[in-house]
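Q: Following this line is upload00.txt, made up of compact mmCIF, C-alpha atoms:
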# COMPACT_ATOMS: atom_id res chain seq x y z
CA MET A 760 23.65 12.78 -6.44
CA LEU A 761 20.98 12.96 -9.15
CA PRO A 762 21.72 11.55 -12.63
CA PRO A 763 22.56 14.50 -14.92
CA MET A 764 19.54 14.16 -17.24
CA LEU A 765 17.18 14.13 -14.28
CA ARG A 766 18.46 17.54 -13.25
CA ILE A 767 17.08 18.94 -16.51
CA PHE A 768 13.64 17.35 -16.45
CA LEU A 769 12.77 16.56 -12.86
CA LEU A 770 11.77 19.89 -11.36
CA PRO A 771 8.90 20.69 -13.75
CA VAL A 772 7.64 17.10 -13.57
CA VAL A 773 7.49 17.10 -9.78
CA TYR A 774 5.84 20.51 -9.61
CA ALA A 775 3.21 19.34 -12.10
CA LEU A 776 2.55 16.23 -10.02
CA LEU A 777 2.21 18.31 -6.89
CA ALA A 778 -0.32 20.55 -8.61
CA VAL A 779 -2.41 17.50 -9.44
CA SER A 780 -2.19 16.21 -5.86
CA ARG A 781 -3.28 19.58 -4.47
CA THR A 782 -6.28 19.61 -6.78
CA SER A 783 -7.34 16.13 -5.66
CA ALA A 784 -6.99 17.10 -2.02
CA HIS A 785 -10.34 18.86 -2.14
CA ASN A 786 -12.07 15.50 -2.69
CA GLN A 787 -11.24 13.93 0.69
CA PHE A 788 -13.45 12.50 3.35
CA SER A 789 -14.19 12.04 7.05
CA LEU A 790 -14.34 8.49 8.46
CA GLN A 791 -18.08 8.13 7.93
CA GLU A 792 -17.84 9.66 4.48
CA ARG A 793 -15.00 7.26 3.63
CA LEU A 794 -17.20 4.30 4.53
CA THR A 795 -19.90 5.57 2.16
CA ARG A 796 -17.68 7.35 -0.37
CA PRO A 797 -19.01 8.00 -3.87
CA TYR A 798 -18.29 5.32 -6.45
CA VAL A 799 -15.06 5.92 -8.33
CA LEU A 800 -14.08 3.18 -10.75
CA GLN A 801 -10.36 3.13 -10.06
CA GLN A 802 -10.96 3.05 -6.31
CA ASN A 803 -12.51 -0.40 -6.70
CA TRP A 804 -9.48 -2.17 -8.11
CA GLY A 805 -8.17 -3.33 -4.73
CA ALA A 806 -4.38 -3.67 -4.68
CA TYR A 807 -4.31 -2.52 -8.33
CA SER A 808 -5.91 0.84 -7.53
CA PRO A 809 -3.70 3.90 -7.98
CA TYR A 810 -2.82 5.64 -4.71
CA TYR A 811 -5.30 8.20 -3.46
CA PRO A 812 -5.41 9.99 -0.09
CA VAL A 813 -8.13 8.40 2.03
CA ALA A 814 -8.44 11.55 4.15
CA LYS A 815 -7.13 15.08 4.16
CA TYR A 816 -3.86 15.37 6.03
CA VAL A 817 -4.33 17.04 9.42
CA ALA A 818 -1.43 18.54 11.37
CA PRO A 819 -0.77 17.36 14.94
CA PRO A 820 -2.63 19.11 17.78
CA GLU A 821 -1.57 22.57 18.86
CA GLY A 822 1.42 22.45 21.19
CA CYS A 823 2.85 19.34 19.53
CA LYS A 824 5.59 19.19 16.92
CA ILE A 825 6.79 16.34 14.73
CA THR A 826 10.35 15.24 15.52
CA GLN A 827 10.66 12.07 13.41
CA ILE A 828 8.76 10.25 10.70
CA ASN A 829 8.93 6.62 9.55
CA ILE A 830 7.50 5.98 6.09
CA LEU A 831 6.64 2.48 4.89
CA GLN A 832 5.64 2.63 1.22
CA ARG A 833 4.56 0.15 -1.43
CA HIS A 834 6.15 0.30 -4.87
CA GLY A 835 4.36 2.22 -7.61
CA ALA A 836 2.00 0.87 -10.25
CA ARG A 837 3.37 -2.04 -12.28
CA TYR A 838 2.63 -4.47 -15.05
CA PRO A 839 1.14 -7.85 -14.06
CA THR A 840 3.49 -10.52 -12.80
CA ALA A 841 4.18 -13.53 -15.05
CA GLY A 842 1.41 -15.89 -13.91
CA PRO A 843 -1.45 -13.38 -13.96
CA GLY A 844 -0.13 -11.94 -17.23
CA ALA A 845 -0.35 -15.35 -18.90
CA ALA A 846 -3.86 -15.88 -17.51
CA ILE A 847 -4.95 -12.51 -18.92
CA ALA A 848 -3.60 -13.49 -22.35
CA ILE A 849 -5.62 -16.74 -22.30
CA ALA A 850 -8.85 -14.89 -21.48
CA VAL A 851 -8.28 -12.29 -24.20
CA ASN A 852 -7.50 -15.01 -26.74
CA LYS A 853 -10.79 -16.77 -25.95
CA LEU A 854 -12.76 -13.63 -26.71
CA GLN A 855 -10.80 -12.89 -29.87
CA ASN A 856 -11.50 -16.40 -31.13
CA ALA A 857 -15.26 -16.01 -30.68
CA SER A 858 -17.20 -16.51 -33.91
CA ALA A 859 -18.94 -13.14 -33.64
CA TYR A 860 -19.93 -10.43 -31.18
CA THR A 861 -23.62 -9.82 -30.53
CA ASP A 862 -22.88 -6.79 -28.34
CA SER A 863 -21.13 -3.84 -29.97
CA SER A 864 -19.31 -2.99 -26.71
CA LEU A 865 -17.03 -5.95 -27.48
CA ASN A 866 -16.09 -4.81 -30.99
CA PHE A 867 -12.81 -3.27 -29.82
CA ILE A 868 -11.58 -6.72 -28.80
CA ARG A 869 -11.18 -8.02 -32.35
CA ASN A 870 -8.29 -5.65 -33.09
CA PHE A 871 -6.99 -5.40 -29.55
CA THR A 872 -3.28 -6.05 -29.03
CA LEU A 873 -2.14 -7.16 -25.58
CA ASP A 874 1.27 -5.60 -25.12
CA LEU A 875 1.70 -5.26 -21.37
CA GLY A 876 5.10 -5.91 -19.86
CA THR A 877 5.84 -8.19 -16.91
CA ASN A 878 6.66 -7.24 -13.32
CA ASP A 879 8.20 -3.85 -14.10
CA LEU A 880 7.04 -0.42 -13.02
CA VAL A 881 4.96 1.49 -15.51
CA LEU A 882 5.74 5.16 -16.13
CA PHE A 883 2.78 6.18 -13.99
CA GLY A 884 4.17 4.04 -11.14
CA ALA A 885 7.48 5.88 -11.34
CA ALA A 886 5.63 9.20 -11.25
CA GLN A 887 3.73 8.09 -8.13
CA SER A 888 6.98 7.66 -6.21
CA LEU A 889 8.37 10.94 -7.51
CA ALA A 890 5.25 12.70 -6.25
CA ALA A 891 5.42 10.92 -2.89
CA GLY A 892 9.01 12.03 -2.37
CA ALA A 893 8.12 15.60 -3.24
CA GLU A 894 5.10 15.52 -0.94
CA THR A 895 7.26 14.25 1.92
CA TYR A 896 9.71 17.11 1.50
CA ASN A 897 6.99 19.74 1.36
CA ARG A 898 5.15 18.36 4.38
CA TYR A 899 8.16 17.63 6.59
CA LYS A 900 10.89 19.97 5.35
CA GLU A 901 11.50 21.28 8.88
CA LEU A 902 13.01 17.88 9.74
CA VAL A 903 15.65 18.07 7.02
CA SER A 904 19.14 19.52 6.99
CA VAL A 905 22.27 18.92 4.95
CA GLY A 906 23.62 16.81 7.80
CA ASN A 907 20.37 14.95 8.41
CA LEU A 908 18.93 13.57 5.18
CA PRO A 909 16.27 10.85 4.93
CA PHE A 910 17.59 7.32 5.41
CA VAL A 911 16.15 5.13 2.66
CA ARG A 912 15.96 1.34 2.36
CA ALA A 913 14.28 -0.98 -0.15
CA SER A 914 13.58 -4.65 -0.57
CA SER A 915 15.59 -6.00 -3.50
CA SER A 916 12.81 -6.50 -6.06
CA ASP A 917 13.55 -4.31 -9.07
CA ARG A 918 10.24 -2.41 -8.91
CA VAL A 919 10.74 -1.73 -5.22
CA VAL A 920 14.30 -0.49 -5.70
CA LYS A 921 13.25 1.80 -8.55
CA SER A 922 10.36 3.15 -6.48
CA ALA A 923 12.77 4.02 -3.68
CA LEU A 924 15.13 5.74 -6.12
CA ASN A 925 12.28 7.69 -7.70
CA TRP A 926 11.16 8.79 -4.24
CA THR A 927 14.64 10.18 -3.54
CA TYR A 928 14.60 12.05 -6.87
CA GLY A 929 11.21 13.55 -6.09
CA PHE A 930 12.38 14.62 -2.63
CA SER A 931 15.51 16.18 -4.11
CA ALA A 932 13.64 18.01 -6.86
CA ALA A 933 11.10 19.43 -4.43
CA SER A 934 13.98 20.89 -2.41
CA SER A 935 15.35 22.51 -5.59
CA LEU A 936 18.19 19.97 -5.47
CA ARG A 937 19.41 21.24 -2.10
CA PHE A 938 18.76 17.99 -0.22
CA ASN A 939 19.64 14.82 -2.09
CA PRO A 940 18.92 11.61 -0.18
CA VAL A 941 20.22 8.31 -1.52
CA LEU A 942 19.08 4.71 -1.34
CA SER A 943 21.39 3.44 1.39
CA VAL A 944 20.36 -0.20 1.91
CA ILE A 945 18.88 -2.83 -0.38
CA LEU A 946 17.64 -5.86 1.56
CA ASP A 947 18.08 -9.19 -0.20
CA GLU A 948 14.69 -10.90 -0.56
CA ASN A 949 16.45 -14.27 -0.44
CA ALA A 950 17.80 -13.51 3.02
CA ASN A 951 16.47 -11.88 6.19
CA ASP A 952 14.39 -8.95 5.02
CA THR A 953 11.82 -7.07 7.10
CA LEU A 954 10.40 -5.52 3.93
CA HIS A 955 9.45 -8.82 2.28
CA ASN A 956 7.23 -11.67 3.49
CA SER A 957 9.26 -14.80 4.15
CA CYS A 958 7.20 -17.27 6.20
CA GLY A 959 7.50 -20.57 4.34
CA ALA A 960 4.58 -22.29 6.09
CA ILE A 961 2.00 -19.62 5.33
CA SER A 962 -1.04 -20.79 3.37
CA SER A 963 -2.80 -18.95 0.56
CA SER A 964 -6.15 -17.19 0.43
CA ASP A 965 -7.30 -19.27 -2.56
CA ASN A 966 -10.11 -21.05 -0.71
CA GLN A 967 -11.75 -17.77 0.28
CA THR A 968 -11.19 -15.91 -2.99
CA ASP A 969 -12.26 -18.86 -5.15
CA THR A 970 -15.47 -19.12 -3.10
CA TRP A 971 -16.32 -15.47 -3.74
CA ILE A 972 -15.33 -15.54 -7.41
CA ALA A 973 -17.69 -18.49 -7.88
CA ILE A 974 -20.50 -16.40 -6.37
CA TYR A 975 -20.16 -13.04 -8.13
CA THR A 976 -18.91 -14.02 -11.61
CA PRO A 977 -21.51 -16.49 -13.05
CA SER A 978 -23.85 -13.76 -14.28
CA ILE A 979 -20.90 -11.99 -15.92
CA VAL A 980 -19.72 -15.26 -17.49
CA GLN A 981 -23.17 -15.86 -18.95
CA ARG A 982 -23.49 -12.31 -20.28
CA LEU A 983 -20.08 -12.28 -21.97
CA ASN A 984 -20.44 -15.78 -23.39
CA ASN A 985 -23.80 -14.80 -24.84
CA ALA A 986 -22.21 -11.73 -26.36
CA ALA A 987 -19.24 -13.71 -27.73
CA PRO A 988 -20.49 -17.13 -28.86
CA GLY A 989 -17.80 -19.76 -28.65
CA ALA A 990 -15.59 -17.87 -26.23
CA ASN A 991 -16.40 -20.27 -23.37
CA LEU A 992 -15.11 -17.93 -20.70
CA SER A 993 -14.81 -19.23 -17.13
CA SER A 994 -15.18 -17.43 -13.83
CA ASN A 995 -11.40 -17.10 -13.56
CA ASP A 996 -11.27 -15.64 -17.06
CA VAL A 997 -13.71 -12.94 -15.98
CA PHE A 998 -11.58 -12.10 -12.96
CA ASN A 999 -8.48 -11.90 -15.15
CA LEU A 1000 -10.21 -9.60 -17.63
CA MET A 1001 -11.16 -7.30 -14.77
CA THR A 1002 -7.51 -7.14 -13.71
CA LEU A 1003 -6.64 -6.28 -17.31
CA CYS A 1004 -8.80 -3.18 -16.98
CA ALA A 1005 -6.67 -2.00 -14.06
CA PHE A 1006 -3.29 -2.96 -15.52
CA GLU A 1007 -3.92 -1.41 -18.92
CA SER A 1008 -5.32 1.74 -17.32
CA VAL A 1009 -2.21 2.38 -15.20
CA ALA A 1010 0.04 1.46 -18.15
CA THR A 1011 -1.65 3.86 -20.58
CA GLU A 1012 -2.74 6.45 -17.98
CA SER A 1013 -6.29 6.34 -19.32
CA ILE A 1014 -9.30 4.17 -18.54
CA SER A 1015 -9.07 0.96 -20.55
CA ASP A 1016 -11.88 -0.14 -22.87
CA TRP A 1017 -11.98 -3.38 -20.87
CA CYS A 1018 -13.31 -1.51 -17.85
CA GLY A 1019 -16.59 -0.74 -19.59
CA LEU A 1020 -17.52 -4.42 -19.83
CA PHE A 1021 -18.39 -4.43 -16.11
CA ASP A 1022 -20.83 -2.36 -14.07
CA GLU A 1023 -20.55 -0.67 -10.68
CA ASP A 1024 -21.85 -3.60 -8.65
CA GLU A 1025 -19.47 -5.96 -10.43
CA TRP A 1026 -16.52 -3.69 -9.66
CA LYS A 1027 -17.51 -3.55 -6.00
CA ALA A 1028 -17.61 -7.37 -6.01
CA PHE A 1029 -14.13 -7.39 -7.57
CA GLU A 1030 -12.86 -5.10 -4.81
CA TYR A 1031 -14.28 -7.49 -2.21
CA GLU A 1032 -12.32 -10.35 -3.78
CA MET A 1033 -9.19 -8.28 -3.23
CA ASP A 1034 -10.28 -7.59 0.36
CA LEU A 1035 -10.59 -11.33 0.97
CA ASP A 1036 -7.25 -11.99 -0.69
CA LYS A 1037 -5.37 -9.65 1.65
CA TYR A 1038 -7.39 -10.52 4.77
CA TYR A 1039 -6.76 -14.25 4.37
CA GLY A 1040 -3.35 -13.88 2.72
CA THR A 1041 -1.23 -12.05 5.31
CA GLY A 1042 -3.98 -10.34 7.34
CA TYR A 1043 -6.13 -11.30 10.32
CA GLY A 1044 -7.61 -14.32 8.55
CA GLN A 1045 -4.19 -15.93 8.16
CA PRO A 1046 -2.79 -17.42 11.40
CA LEU A 1047 0.82 -16.82 10.35
CA GLY A 1048 0.21 -13.56 8.48
CA PRO A 1049 1.01 -11.16 11.32
CA VAL A 1050 4.33 -12.82 12.17
CA GLU A 1051 5.75 -11.57 8.88
CA GLY A 1052 5.33 -8.00 10.12
CA ILE A 1053 7.04 -8.17 13.49
CA GLY A 1054 10.61 -7.62 12.30
CA TYR A 1055 9.71 -4.24 10.85
CA ILE A 1056 7.78 -3.28 13.99
CA ASN A 1057 10.81 -4.07 16.14
CA GLU A 1058 12.95 -1.90 13.86
CA LEU A 1059 10.36 0.86 14.16
CA ILE A 1060 10.47 0.62 17.95
CA ALA A 1061 14.26 0.89 17.84
CA ARG A 1062 14.02 4.12 15.85
CA LEU A 1063 11.30 5.61 18.04
CA THR A 1064 13.22 4.85 21.23
CA SER A 1065 16.78 5.34 19.90
CA SER A 1066 17.73 1.88 21.14
CA PRO A 1067 19.25 -1.19 19.47
CA VAL A 1068 16.96 -3.51 17.51
CA ASN A 1069 15.74 -6.42 19.62
CA ASP A 1070 14.47 -9.10 17.26
CA THR A 1071 15.05 -12.78 16.49
CA THR A 1072 12.83 -13.12 13.42
CA GLN A 1073 13.46 -11.72 9.94
CA THR A 1074 15.72 -8.79 10.74
CA ASN A 1075 19.24 -8.79 9.31
CA SER A 1076 21.17 -8.52 12.56
CA THR A 1077 24.43 -7.62 10.81
CA LEU A 1078 22.88 -4.62 9.11
CA ASP A 1079 20.74 -3.60 12.09
CA ARG A 1080 23.73 -3.53 14.46
CA SER A 1081 25.62 -1.04 12.32
CA PRO A 1082 25.03 2.72 12.61
CA VAL A 1083 25.90 2.95 8.91
CA THR A 1084 23.17 0.57 7.71
CA PHE A 1085 20.71 1.17 10.55
CA PRO A 1086 21.25 4.63 12.05
CA LEU A 1087 19.18 5.73 15.03
CA ASP A 1088 19.77 9.47 14.70
CA ARG A 1089 17.77 10.37 11.60
CA THR A 1090 14.56 12.36 11.51
CA ILE A 1091 13.14 10.81 8.32
CA TYR A 1092 13.21 7.11 7.50
CA ALA A 1093 11.69 5.74 4.29
CA ASP A 1094 11.35 2.00 3.61
CA PHE A 1095 9.98 0.49 0.38
CA SER A 1096 8.18 -2.80 0.23
CA HIS A 1097 5.28 -4.86 -1.20
CA ASP A 1098 1.53 -4.88 -0.54
CA ASN A 1099 1.48 -8.27 1.22
CA GLN A 1100 4.17 -7.11 3.61
CA LEU A 1101 2.35 -3.88 4.42
CA ILE A 1102 -0.74 -5.94 5.22
CA ALA A 1103 1.28 -8.20 7.54
CA ILE A 1104 2.70 -5.16 9.34
CA TYR A 1105 -0.71 -3.51 9.72
CA THR A 1106 -2.06 -6.74 11.19
CA ALA A 1107 0.84 -7.40 13.54
CA MET A 1108 0.52 -3.83 14.79
CA GLY A 1109 -3.24 -4.07 15.36
CA LEU A 1110 -4.47 -1.70 12.64
CA PHE A 1111 -7.76 -2.24 10.78
CA LYS A 1112 -9.00 -4.96 13.11
CA GLN A 1113 -12.54 -6.01 12.15
CA PRO A 1114 -15.37 -7.00 14.51
CA ARG A 1115 -15.57 -10.37 12.76
CA ALA A 1116 -13.77 -12.22 10.00
CA LEU A 1117 -14.64 -11.30 6.41
CA ASP A 1118 -17.28 -13.65 4.99
CA PRO A 1119 -16.20 -15.30 1.70
CA THR A 1120 -19.85 -15.80 0.76
CA ASN A 1121 -21.34 -12.39 1.55
CA SER A 1122 -19.82 -8.97 0.96
CA ASN A 1123 -22.64 -7.20 2.79
CA VAL A 1124 -21.83 -8.46 6.31
CA ASP A 1125 -20.75 -5.39 8.32
CA SER A 1126 -20.26 -3.56 5.02
CA THR A 1127 -21.28 -0.18 6.45
CA ASN A 1128 -18.61 -0.34 9.17
CA ARG A 1129 -15.94 -2.43 7.47
CA THR A 1130 -12.60 -0.65 7.24
CA TRP A 1131 -10.76 -3.55 5.59
CA ILE A 1132 -10.90 -2.19 2.04
CA THR A 1133 -7.81 -3.09 0.06
CA SER A 1134 -7.85 -0.05 -2.21
CA GLN A 1135 -7.66 2.10 0.94
CA LEU A 1136 -4.99 -0.07 2.59
CA VAL A 1137 -2.48 -1.03 -0.10
CA PRO A 1138 -3.11 0.62 -3.49
CA PHE A 1139 -0.11 1.10 -5.74
CA SER A 1140 2.24 3.49 -3.87
CA ALA A 1141 0.37 3.07 -0.56
CA ARG A 1142 2.14 4.45 2.47
CA MET A 1143 1.99 4.24 6.25
CA VAL A 1144 3.60 7.12 8.12
CA VAL A 1145 4.44 6.90 11.80
CA GLU A 1146 4.98 10.40 13.16
CA LYS A 1147 6.89 10.82 16.40
CA ILE A 1148 5.54 13.91 18.11
CA GLN A 1149 6.82 15.93 21.04
CA CYS A 1150 4.08 17.63 23.06
CA GLY A 1151 4.53 20.16 25.81
CA ILE A 1152 2.49 20.80 28.95
CA GLY A 1153 -0.53 22.90 28.04
CA SER A 1154 -0.87 21.47 24.55
CA SER A 1155 -4.40 20.82 23.35
CA ARG A 1156 -4.53 17.12 24.17
CA PRO A 1157 -1.75 15.33 26.14
CA ASP A 1158 -1.94 15.62 29.92
CA GLU A 1159 1.84 15.42 30.23
CA ASP A 1160 4.73 16.53 28.11
CA GLY A 1161 6.77 13.88 26.33
CA ASP A 1162 7.02 11.81 23.19
CA TYR A 1163 3.94 10.55 21.39
CA ILE A 1164 3.18 8.92 18.07
CA ARG A 1165 0.37 8.90 15.60
CA ILE A 1166 -0.03 6.68 12.54
CA LEU A 1167 -1.42 7.67 9.17
CA VAL A 1168 -2.29 5.22 6.40
CA ASN A 1169 -2.73 6.96 3.07
CA ASP A 1170 -3.11 10.22 5.03
CA ALA A 1171 -5.93 8.91 7.25
CA VAL A 1172 -5.08 9.18 10.97
CA GLN A 1173 -5.60 5.79 12.66
CA SER A 1174 -7.48 5.48 15.93
CA LEU A 1175 -4.88 3.23 17.66
CA ASP A 1176 -7.52 1.63 19.87
CA PHE A 1177 -4.93 -0.96 20.92
CA CYS A 1178 -2.80 1.74 22.56
CA ALA A 1179 -3.64 2.63 26.16
CA GLY A 1180 -4.55 6.27 26.73
CA VAL A 1181 -4.84 7.09 23.04
CA SER A 1182 -6.51 10.44 22.37
CA LYS A 1183 -9.39 11.16 20.05
CA GLU A 1184 -6.79 12.66 17.71
CA GLY A 1185 -5.05 9.28 17.50
CA ILE A 1186 -2.06 10.32 19.61
CA CYS A 1187 -0.45 7.73 21.87
CA ARG A 1188 2.60 7.95 24.12
CA VAL A 1189 5.63 6.19 22.65
CA SER A 1190 6.04 4.09 25.79
CA GLU A 1191 2.41 2.93 25.61
CA PHE A 1192 2.74 2.15 21.92
CA VAL A 1193 5.77 -0.01 22.65
CA GLU A 1194 3.85 -1.77 25.41
CA SER A 1195 0.97 -2.43 22.99
CA GLN A 1196 3.33 -4.23 20.60
CA SER A 1197 4.03 -7.24 22.79
CA TYR A 1198 3.33 -9.67 19.94
CA ALA A 1199 6.29 -8.19 18.06
CA THR A 1200 8.57 -7.65 21.04
CA ASN A 1201 7.94 -11.25 22.16
CA GLY A 1202 9.01 -12.56 18.77
CA GLY A 1203 5.52 -13.55 17.66
CA ASN A 1204 4.77 -15.69 20.70
CA GLY A 1205 6.16 -18.77 18.97
CA ASP A 1206 4.55 -18.12 15.56
CA TRP A 1207 7.88 -17.41 13.85
CA GLN A 1208 9.09 -20.93 14.65
CA LYS A 1209 5.94 -22.33 13.01
CA CYS A 1210 7.07 -20.79 9.72
CA PHE A 1211 9.74 -23.48 9.49
CA GLU A 1212 7.83 -26.52 10.73
Would you mind writing the file's structure down as structure tokens?
A:
Amino acid sequence: MLPPMLRIFLLPVVYALLAVSRTSAHNQFSLQERLTRPYVLQQNWGAYSPYYPVAKYVAPPEGCKITQINILQRHGARYPTAGPGAAIAIAVNKLQNASAYTDSSLNFIRNFTLDLGTNDLVLFGAAQSLAAGAETYNRYKELVSVGNLPFVRASSSDRVVKSALNWTYGFSAASSLRFNPVLSVILDENANDTLHNSCGAISSSDNQTDTWIAIYTPSIVQRLNNAAPGANLSSNDVFNLMTLCAFESVATESISDWCGLFDEDEWKAFEYEMDLDKYYGTGYGQPLGPVEGIGYINELIARLTSSPVNDTTQTNSTLDRSPVTFPLDRTIYADFSHDNQLIAIYTAMGLFKQPRALDPTNSNVDSTNRTWITSQLVPFSARMVVEKIQCGIGSSRPDEDGDYIRILVNDAVQSLDFCAGVSKEGICRVSEFVESQSYATNGGNGDWQKCFE
């Protein structure tokens, strides 16, 4: 049931958010247009970018109907975590202690007050989840009934839990309070949790990101140090100031003055640092990255096939064996998680595979065809939706009737090249999708055990 005060305020808020999302829907792109999309500042902040639809949502082919959806969503926009927040403060302090500014664009810094919080959702981040819940109801309302409400889970981090709750409120408000889903399961991040990365032996992406930061930041370091004598900024300080632009912008819901200290090419270089971070953190460049995603994939397979979960990795077997905490008869499932975990799941599944590994020394290699762009993969409030689709004989694409799936990431339909018999519309038979996921169904082919060596 919704908290009483939310009943008063929620409906107009959600409808306003939906109006904004409908307006932005006109600025969406085909695949080739996405690869060469116009420069938009906030779409170059990597994992700190606000959610935006990468493509216009397209309904399934004629003759096919959606029978189930599985949503995997990142939490909404937040303040920086403790370590990055402290690093931002150091960089700001260096500039404020400069003897003078020789460039007037820095004048705002003298009286600037850094008052960002730590870890928590910002108001805009809460609104993102409200809007996502409302969008889900409006797009998939035919799947909902009083006896069949969305089943919602969240990893136990506070910002993830609150994002899940806000999603349920948005869903409820969009239905004029007729359908009121609840957060049913919170998975403890200190225990088995398919919505949180937990491989202890995994290495970091620092080698790759530090290499790139050392390449693209020196000219910025020189420019800012010349403009603020005595500041003695380092390359890492520059990176941290660029993150401040993103964090302050989502906190204040307006473009921060810090953003104007960097030009378009510098922001594109910043985005590439984020691409490297995710690729080598829990993506294809990290040998143990994909194994963190297989528990969720095995849960997804269980839902798609209405069969018990078969997994020996990070699933919570007690919860997954119970029809109360892991039902198999719902039509909408919504799970809330973190960006690193979404990346691990994409990778384990086979999404966004690149022709070659990302080069830490050159952002231009394969840049015209590269689809590994973090702001398009895991922005704040990113979501992957797996639609289960039933197609009949004579429908526009499938040769046989039966159950199919398609996968959308931030509304862009994925090609599913790893799935045998996939159509040009990205539709693959459920049975062939399951067959394509042998890495997950085989428990990671021994990789899970390496997490504890």
Q: May I have the residues within 9 Å of Asn907 in chain A as number ranges by chain, using only C-alpha atoms and disregarding those fewer than 6 positions away in the same chain?
A: A: 1088-1091
Q: Report the closest atom pair, with its distance in Å rounded to one decimal, for each residue of range 1081-1130 of chain A that has an atom no farther than 12 Å from range 805-818 of chain A; count all atoms listed in the file, sort by chain and then rising residue number, and write it as a tab-separated table.
A:
residue	atom	partner	partner_atom	distance
A:His1097	CA	A:Ala806	CA	10.3
A:Asp1098	CA	A:Ala806	CA	7.3
A:Asn1099	CA	A:Ala806	CA	9.5
A:Leu1101	CA	A:Ala806	CA	11.3
A:Ile1102	CA	A:Ala806	CA	10.8
A:Thr1130	CA	A:Val813	CA	11.4
Q: Write a file of the just-selected residues containing C-alpha atoms, as an mmCIF file, in the frame of the given file.
A:
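After the write, again-v4.cif holds the following:
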data_model
loop_
_atom_site.group_PDB
_atom_site.id
_atom_site.type_symbol
_atom_site.label_atom_id
_atom_site.label_comp_id
_atom_site.auth_asym_id
_atom_site.auth_seq_id
_atom_site.Cartn_x
_atom_site.Cartn_y
_atom_site.Cartn_z
ATOM 1 C CA HIS A 1097 5.280 -4.860 -1.200
ATOM 2 C CA ASP A 1098 1.530 -4.880 -0.540
ATOM 3 C CA ASN A 1099 1.480 -8.270 1.220
ATOM 4 C CA LEU A 1101 2.350 -3.880 4.420
ATOM 5 C CA ILE A 1102 -0.740 -5.940 5.220
ATOM 6 C CA THR A 1130 -12.600 -0.650 7.240
#
Q: Which neighbours of Leu880 in chain A fall inside 6 Å, counting only C-alpha atoms, when residues of the same chain fewer than 2 positions from it are skipped, and could you give them as an NGL selection string?
A: :A and (836-837 or 884 or 918)
Q: Tell me, in Å to one decimal, how far CA of Asp965 in chain A is from CA of Thr840 in chain A.
A: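 So the answer is 17.3 Å.
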Q: Nearest to Ser1013 in chain A: which of A:Phe883, A:Cys1187, A:Tyr1031, A:Leu875 is it, counting only C-alpha atoms?
A: A:Phe883
Q: From the list A:Asn1169, A:Ser1122, A:Ile1164, A:Tyr1092, which residue is nearest Phe1139 in chain A when using all atoms listed in the file?
A: A:Asn1169
Q: Expressed in Å to a single decimal, how great is the separation between CA of Pro1049 in chain A and CA of Arg1080 in chain A?
A: 24.2 Å
Q: Quick one: 6 Å padding each side, axis-aligned, all listed atoms of range 972-989 of chain A - centre and edge lengths in Å to one decimal, as lines of an AutoDock Vina configuration file?
A:
center_x = -19.6
center_y = -15.7
center_z = -17.6
size_x = 20.5
size_y = 20.0
size_z = 34.5
Q: Please report the interatomic distance between CA of Glu901 in chain A and CA of Lys1183 in chain A in Å with one decimal.
A: 25.8 Å
Q: Please provide as a compact mmCIF listing (two decimals) with C-alpha atoms, in the coordinates of the input all residues within 6 Å of range 887-897 of chain A, with the sequence filter that same-chain residues fewer than 5 positions apart are discarded (counting all atoms listed in the file).
A:
# COMPACT_ATOMS: atom_id res chain seq x y z
CA LEU A 776 2.55 16.23 -10.02
CA GLY A 835 4.36 2.22 -7.61
CA SER A 922 10.36 3.15 -6.48
CA ASN A 925 12.28 7.69 -7.70
CA TRP A 926 11.16 8.79 -4.24
CA GLY A 929 11.21 13.55 -6.09
CA PHE A 930 12.38 14.62 -2.63
CA ALA A 933 11.10 19.43 -4.43
Q: At most 6 Å from (-2.1, 1.1, 20.1), file frame, all atoms listed in the file: which residues, as an mmCIF file with C-alpha atoms, in the frame of the given file?
A:
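Saved the output as part_11.cif:
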data_model
loop_
_atom_site.group_PDB
_atom_site.id
_atom_site.type_symbol
_atom_site.label_atom_id
_atom_site.label_comp_id
_atom_site.auth_asym_id
_atom_site.auth_seq_id
_atom_site.Cartn_x
_atom_site.Cartn_y
_atom_site.Cartn_z
ATOM 1 C CA LEU A 1175 -4.880 3.230 17.660
ATOM 2 C CA ASP A 1176 -7.520 1.630 19.870
ATOM 3 C CA PHE A 1177 -4.930 -0.960 20.920
ATOM 4 C CA CYS A 1178 -2.800 1.740 22.560
ATOM 5 C CA PHE A 1192 2.740 2.150 21.920
ATOM 6 C CA SER A 1195 0.970 -2.430 22.990
#
Q: Compute the distance from (-2.1, -10.2, 6.9) to each atom, counting only C-alpha atoms, keep the residues with any atom at most 12 Å away, and return them as a PyMOL selection string; use the coordinates of the file.
A: chain A and resi 956+958+961-964+1034-1053+1098-1112+1131+1133+1136-1137
Q: Can you pull out every residue within 9 Å of Glu1058 in chain A, counting only C-alpha atoms, but drop anything in the same chain fewer than 3 positions away, and send it as number ranges by chain?
A: A: 953, 1053-1055, 1061-1063, 1067-1070, 1074, 1079, 1085
Q: Taking 5 positions as the minimum chain separation for residues in the same chain, which residues sit within 8 Å of Asp952 in chain A when counting all atoms listed in the file? Answer as a ChimeraX atom specification.
A: /A:914,946-947,957,1073-1075
Q: Between A:Ser1066, A:Gln1208, A:Gln1149, A:Ser1081, which residue has the minimum interatomic distance to Cys823 in chain A, considering only C-alpha atoms?
A: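 Under the stated criterion, the closest residue is A:Gln1149.
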